[in-house]
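*Asks:* upload25.csv (CSV, C-alpha atoms) pasted underneath:
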```
chain,number,residue,atom,x,y,z
A,1,MET,CA,5.0,-32.7,12.1
A,2,TYR,CA,1.9,-33.6,10.1
A,3,GLN,CA,-0.4,-32.1,12.7
A,4,PHE,CA,-2.4,-29.0,13.0
A,5,PRO,CA,-2.6,-28.4,16.8
A,6,LYS,CA,-4.6,-25.7,18.5
A,7,ALA,CA,-1.4,-23.7,19.1
A,8,GLU,CA,-1.2,-23.2,15.3
A,9,HIS,CA,-4.8,-21.9,15.0
A,10,LEU,CA,-5.2,-18.1,14.6
A,11,CYS,CA,-7.9,-17.1,17.1
A,12,SER,CA,-6.9,-13.6,18.1
A,13,LYS,CA,-9.3,-10.9,16.8
A,14,LYS,CA,-6.6,-8.2,17.2
A,15,ILE,CA,-4.1,-10.1,15.1
A,16,ILE,CA,-6.8,-10.9,12.4
A,17,GLU,CA,-7.6,-7.1,12.3
A,18,MET,CA,-3.9,-6.3,12.0
A,19,ILE,CA,-3.5,-8.9,9.2
A,20,PHE,CA,-6.2,-7.2,7.1
A,21,SER,CA,-5.1,-3.7,7.8
A,22,GLU,CA,-1.3,-4.1,7.5
A,23,GLY,CA,-0.8,-7.5,5.9
A,24,LYS,CA,0.2,-8.5,2.4
A,25,SER,CA,-1.9,-10.7,0.1
A,26,PHE,CA,-1.9,-12.7,-3.0
A,27,SER,CA,-4.3,-15.1,-4.8
A,28,VAL,CA,-4.0,-18.5,-6.3
A,29,TYR,CA,-7.5,-19.6,-7.4
A,30,PRO,CA,-9.5,-20.7,-5.3
A,31,PHE,CA,-7.5,-19.3,-2.4
A,32,ARG,CA,-6.6,-15.8,-1.2
A,33,PHE,CA,-3.8,-15.6,1.3
A,34,VAL,CA,-3.4,-12.6,3.6
A,35,TRP,CA,-0.3,-12.8,5.8
A,36,LEU,CA,1.7,-10.7,8.2
A,37,PRO,CA,5.1,-11.3,9.8
A,38,SER,CA,4.5,-12.1,13.4
A,39,SER,CA,6.4,-11.1,16.5
A,40,ASP,CA,6.1,-14.5,18.2
A,41,THR,CA,9.2,-15.8,19.9
A,42,VAL,CA,8.2,-19.3,18.9
A,43,ILE,CA,8.8,-19.9,15.2
A,44,SER,CA,5.4,-20.9,13.8
A,45,ILE,CA,2.6,-20.2,11.3
A,46,LYS,CA,-0.7,-19.3,12.8
A,47,LEU,CA,-3.5,-20.1,10.4
A,48,ALA,CA,-7.2,-19.2,10.1
A,49,ILE,CA,-9.4,-20.5,7.3
A,50,SER,CA,-12.6,-18.8,6.0
A,51,VAL,CA,-15.2,-20.0,3.6
A,52,PRO,CA,-17.7,-17.2,2.9
A,53,LYS,CA,-21.4,-17.7,3.8
A,54,LYS,CA,-22.2,-15.5,0.8
A,55,HIS,CA,-21.2,-18.3,-1.7
A,56,PHE,CA,-22.0,-21.3,0.5
A,57,LYS,CA,-25.2,-20.8,2.4
A,58,ARG,CA,-25.2,-24.2,4.1
A,59,ALA,CA,-22.9,-24.8,7.0
A,60,VAL,CA,-22.4,-28.4,5.8
A,61,HIS,CA,-20.7,-27.2,2.6
A,62,ARG,CA,-18.6,-24.5,4.4
A,63,ASN,CA,-17.4,-27.1,6.9
A,64,LEU,CA,-16.6,-29.6,4.2
A,65,LEU,CA,-14.4,-27.1,2.3
A,66,LYS,CA,-12.7,-26.1,5.6
A,67,ARG,CA,-11.9,-29.7,6.4
A,68,ARG,CA,-10.5,-30.3,2.9
A,69,ILE,CA,-8.4,-27.1,3.0
A,70,ARG,CA,-7.1,-27.8,6.5
A,71,GLU,CA,-6.1,-31.3,5.4
A,72,CYS,CA,-4.3,-30.0,2.3
A,73,TYR,CA,-2.4,-27.5,4.4
A,74,ARG,CA,-1.6,-30.0,7.1
A,75,LEU,CA,0.0,-32.5,4.6
A,76,GLN,CA,2.1,-29.8,2.9
A,77,LYS,CA,3.2,-27.4,5.6
A,78,VAL,CA,6.4,-29.4,6.6
A,79,GLU,CA,8.6,-27.9,3.9
A,80,LEU,CA,7.5,-24.4,4.7
A,81,TYR,CA,8.1,-24.9,8.4
A,82,SER,CA,11.6,-26.2,7.9
A,83,LYS,CA,12.6,-23.1,5.9
A,84,MET,CA,11.0,-20.8,8.4
A,85,LYS,CA,12.9,-22.4,11.2
A,86,GLN,CA,16.1,-21.9,9.4
A,87,GLU,CA,15.4,-18.2,8.9
A,88,LYS,CA,13.7,-17.8,12.3
A,89,ILE,CA,10.5,-16.3,10.9
A,90,SER,CA,7.0,-16.4,12.3
A,91,ILE,CA,3.9,-15.4,10.4
A,92,SER,CA,0.1,-15.1,10.9
A,93,LEU,CA,-1.9,-16.3,7.9
A,94,PHE,CA,-5.5,-15.9,6.9
A,95,LEU,CA,-6.7,-18.1,4.1
A,96,ILE,CA,-10.0,-17.3,2.3
A,97,TYR,CA,-11.7,-19.7,-0.1
A,98,THR,CA,-12.7,-17.6,-3.1
A,99,GLY,CA,-14.1,-20.3,-5.3
A,100,ARG,CA,-17.8,-20.5,-6.0
A,101,ARG,CA,-18.2,-24.3,-6.1
A,102,ILE,CA,-17.1,-27.2,-4.0
A,103,GLU,CA,-13.9,-28.5,-5.4
A,104,ASN,CA,-12.6,-32.0,-4.9
A,105,PHE,CA,-9.7,-32.8,-2.6
A,106,GLN,CA,-7.2,-33.5,-5.4
A,107,PHE,CA,-7.8,-30.1,-7.1
A,108,LEU,CA,-7.5,-28.3,-3.7
A,109,PHE,CA,-4.3,-30.2,-2.9
A,110,GLU,CA,-2.6,-29.2,-6.2
A,111,LYS,CA,-3.6,-25.5,-5.7
A,112,MET,CA,-2.4,-25.5,-2.1
A,113,THR,CA,1.0,-26.8,-3.3
A,114,ILE,CA,1.2,-23.8,-5.7
A,115,ALA,CA,-0.1,-21.4,-3.1
A,116,LEU,CA,2.4,-22.5,-0.4
A,117,LYS,CA,5.3,-22.2,-2.9
A,118,LYS,CA,4.2,-18.7,-3.7
A,119,LEU,CA,3.8,-17.9,0.0
A,120,GLU,CA,7.3,-19.1,0.7
A,121,ASN,CA,8.7,-16.9,-2.1
A,122,GLU,CA,6.8,-13.9,-0.8
A,123,ILE,CA,7.9,-14.4,2.7
A,124,PHE,CA,11.6,-14.8,1.9
A,125,GLN,CA,11.6,-11.9,-0.7
A,126,ASN,CA,10.0,-9.7,2.0
A,127,THR,CA,12.6,-10.7,4.7
A,128,ILE,CA,15.4,-10.2,2.2
A,129,THR,CA,14.2,-6.7,1.3
A,130,GLU,CA,13.7,-5.8,5.0
A,131,ASN,CA,17.2,-7.0,5.9
A,132,THR,CA,18.8,-5.0,3.1
A,133,ALA,CA,16.9,-1.9,4.1
A,134,ASN,CA,18.2,-2.1,7.6
```
Go through the file and emit its structure as structure tokens.
*Replies:*
Amino acid sequence: MYQFPKAEHLCSKKIIEMIFSEGKSFSVYPFRFVWLPSSDTVISIKLAISVPKKHFKRAVHRNLLKRRIRECYRLQKVELYSKMKQEKISISLFLIYTGRRIENFQFLFEKMTIALKKLENEIFQNTITENTAN
């Protein structure tokens, strides 16, 4: 369960465009999450991570941050997955690093914890309001 296989990577340009045009977003410094409920039959979270070249010119720094963010996510996604399986929900998620400096792993881990709790609340509030509207 503590894996991040290729099947969980968000690669589709069409879905990414849909996320930014129709999706919902929130921020928890240094992250901005943009997400959209997915129509996948398999219950999962598809994730893409972006670190802007505007703030980090060197690819070494962007890749370092992406590795740290991916590891933070991988270690903490289990609880979110279990709740999504109970509710039979799939989402596509785009994570953007909005910080302007390279943060250490511990800081990113703590912020990811907060962000995933907020994501969980947003997802389940959204599904509750959709279910009551129908």
*Asks:* Have a look at A:Phe124, A:Phe94, A:Phe109, A:Phe4 and name the one nearest to A:Leu65; count only C-alpha atoms.
*Replies:* A:Phe109
*Asks:* Grab the atom CA of A:Glu122 to atom CA of A:Ile16 distance for me, in Å with one decimal place.
*Replies:*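 Answer for the atom CA of A:Glu122 to atom CA of A:Ile16 separation: 19.2 Å.
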*Asks:* List the neighbours of A:Leu10 out to 9 Å using all atoms listed in the file; skip same-chain residues closer than 3 positions along the sequence, and give me the result as a ChimeraX atom specification.
*Replies:* /A:6-7,13,15-16,45-49,92-94
*Asks:* Just to confirm, what's the straight-line distance from atom CA of A:Ile96 to atom CA of A:Pro52 in Å (one decimal)?
*Replies:*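 A separation of 7.7 Å between them.
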*Asks:* Identify, on the basis of all atoms listed in the file, every residue whose closest approach to A:Cys72 does not exceed 10 Å; exclude the query and any residue fewer than 6 positions from it along the same chain; express the result as a ChimeraX atom specification.
*Replies:* /A:66,105-106,108-113
*Asks:* Can you list, as a compact mmCIF listing (two decimals) with C-alpha atoms, in the frame of the given file, every protein, DNA or RNA residue that comes within 10 Å of A:Val28 when you count only C-alpha atoms, leaving out same-chain residues fewer than 6 positions away?
*Replies:*
```txt
# COMPACT_ATOMS: atom_id res chain seq x y z
CA TYR A 97 -11.70 -19.70 -0.10
CA THR A 98 -12.70 -17.60 -3.10
CA LYS A 111 -3.60 -25.50 -5.70
CA MET A 112 -2.40 -25.50 -2.10
CA ILE A 114 1.20 -23.80 -5.70
CA ALA A 115 -0.10 -21.40 -3.10
CA LEU A 116 2.40 -22.50 -0.40
CA LYS A 118 4.20 -18.70 -3.70
```
*Asks:* Any idea what the distance is between atom CA of A:Tyr81 and atom CA of A:Ile69?
*Replies:*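 Going from atom CA of A:Tyr81 over to atom CA of A:Ile69 covers 17.5 Å.
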*Asks:* From the set A:Ile19, A:Ile43, A:Ala59, A:Met1, which residue has the shortest atom-to-atom contact distance to A:Met84, counting all atoms listed in the file?
*Replies:*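 Using all atoms listed in the file, the shortest distance to A:Met84 belongs to A:Ile43.
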*Asks:* Between A:Glu87, A:Glu120, A:Glu103, A:Glu17, which has the minimum distance to A:Phe31 (counting only C-alpha atoms)?
*Replies:*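 Residue with the minimum atom-to-atom distance to A:Phe31: A:Glu103.
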*Asks:* Measuring between only C-alpha atoms, which one of A:Ser12, A:Asn104, A:Ser90, A:Ser39 shows the shortest distance to A:Arg67?
*Replies:* A:Asn104
*Asks:* Between A:Ser38, A:Gln76, A:Asn63, A:Ser27, which residue has the minimum interatomic distance to A:Gln3, considering only C-alpha atoms?
*Replies:* A:Gln76
*Asks:* Taking all atoms of stretch 118-127 of chain A that the file lists and extending 3 Å past them on each side, where is the centre of the axis-aligned box and how long are its edges? Answer in Å to one decimal, as lines of an AutoDock Vina configuration file.
*Replies:*
```
center_x = 8.2
center_y = -14.4
center_z = 0.5
size_x = 14.8
size_y = 15.4
size_z = 14.4
```
*Asks:* Working from the structure I just supplied, which lacks atoms in stretch 3-16 of chain A, can you model N, CA and C atoms there and output them as a PDB file, in the coordinates of the input?
*Replies:*
```pdb
ATOM      1  N   GLN A   3       0.723 -32.412  11.801  1.00  0.00           N
ATOM      2  CA  GLN A   3      -0.400 -32.100  12.700  1.00  0.00           C
ATOM      3  C   GLN A   3      -0.808 -30.686  12.511  1.00  0.00           C
ATOM      4  N   PHE A   4      -1.964 -30.387  13.017  1.00  0.00           N
ATOM      5  CA  PHE A   4      -2.400 -29.000  13.000  1.00  0.00           C
ATOM      6  C   PHE A   4      -3.035 -28.737  14.414  1.00  0.00           C
ATOM      7  N   PRO A   5      -2.151 -28.603  15.430  1.00  0.00           N
ATOM      8  CA  PRO A   5      -2.600 -28.400  16.800  1.00  0.00           C
ATOM      9  C   PRO A   5      -3.251 -27.073  17.051  1.00  0.00           C
ATOM     10  N   LYS A   6      -3.926 -26.973  18.157  1.00  0.00           N
ATOM     11  CA  LYS A   6      -4.600 -25.700  18.500  1.00  0.00           C
ATOM     12  C   LYS A   6      -3.639 -24.546  18.604  1.00  0.00           C
ATOM     13  N   ALA A   7      -2.393 -24.805  18.957  1.00  0.00           N
ATOM     14  CA  ALA A   7      -1.400 -23.700  19.100  1.00  0.00           C
ATOM     15  C   ALA A   7      -1.138 -23.069  17.701  1.00  0.00           C
ATOM     16  N   GLU A   8      -1.447 -23.742  16.609  1.00  0.00           N
ATOM     17  CA  GLU A   8      -1.200 -23.200  15.300  1.00  0.00           C
ATOM     18  C   GLU A   8      -2.489 -22.513  14.715  1.00  0.00           C
ATOM     19  N   HIS A   9      -3.584 -22.527  15.470  1.00  0.00           N
ATOM     20  CA  HIS A   9      -4.800 -21.900  15.000  1.00  0.00           C
ATOM     21  C   HIS A   9      -4.739 -20.393  15.327  1.00  0.00           C
ATOM     22  N   LEU A  10      -5.134 -19.586  14.383  1.00  0.00           N
ATOM     23  CA  LEU A  10      -5.200 -18.100  14.600  1.00  0.00           C
ATOM     24  C   LEU A  10      -6.546 -17.794  15.138  1.00  0.00           C
ATOM     25  N   CYS A  11      -6.593 -17.364  16.386  1.00  0.00           N
ATOM     26  CA  CYS A  11      -7.900 -17.100  17.100  1.00  0.00           C
ATOM     27  C   CYS A  11      -8.005 -15.626  17.495  1.00  0.00           C
ATOM     28  N   SER A  12      -6.918 -14.921  17.601  1.00  0.00           N
ATOM     29  CA  SER A  12      -6.900 -13.600  18.100  1.00  0.00           C
ATOM     30  C   SER A  12      -7.564 -12.575  17.157  1.00  0.00           C
ATOM     31  N   LYS A  13      -8.618 -11.912  17.613  1.00  0.00           N
ATOM     32  CA  LYS A  13      -9.300 -10.900  16.800  1.00  0.00           C
ATOM     33  C   LYS A  13      -8.384  -9.734  16.470  1.00  0.00           C
ATOM     34  N   LYS A  14      -7.547  -9.360  17.434  1.00  0.00           N
ATOM     35  CA  LYS A  14      -6.600  -8.200  17.200  1.00  0.00           C
ATOM     36  C   LYS A  14      -5.632  -8.558  16.095  1.00  0.00           C
ATOM     37  N   ILE A  15      -5.092  -9.764  16.126  1.00  0.00           N
ATOM     38  CA  ILE A  15      -4.100 -10.100  15.100  1.00  0.00           C
ATOM     39  C   ILE A  15      -4.817 -10.241  13.730  1.00  0.00           C
ATOM     40  N   ILE A  16      -6.036 -10.769  13.702  1.00  0.00           N
ATOM     41  CA  ILE A  16      -6.800 -10.900  12.400  1.00  0.00           C
ATOM     42  C   ILE A  16      -7.029  -9.472  11.876  1.00  0.00           C
TER      43      ILE A  16
END
```
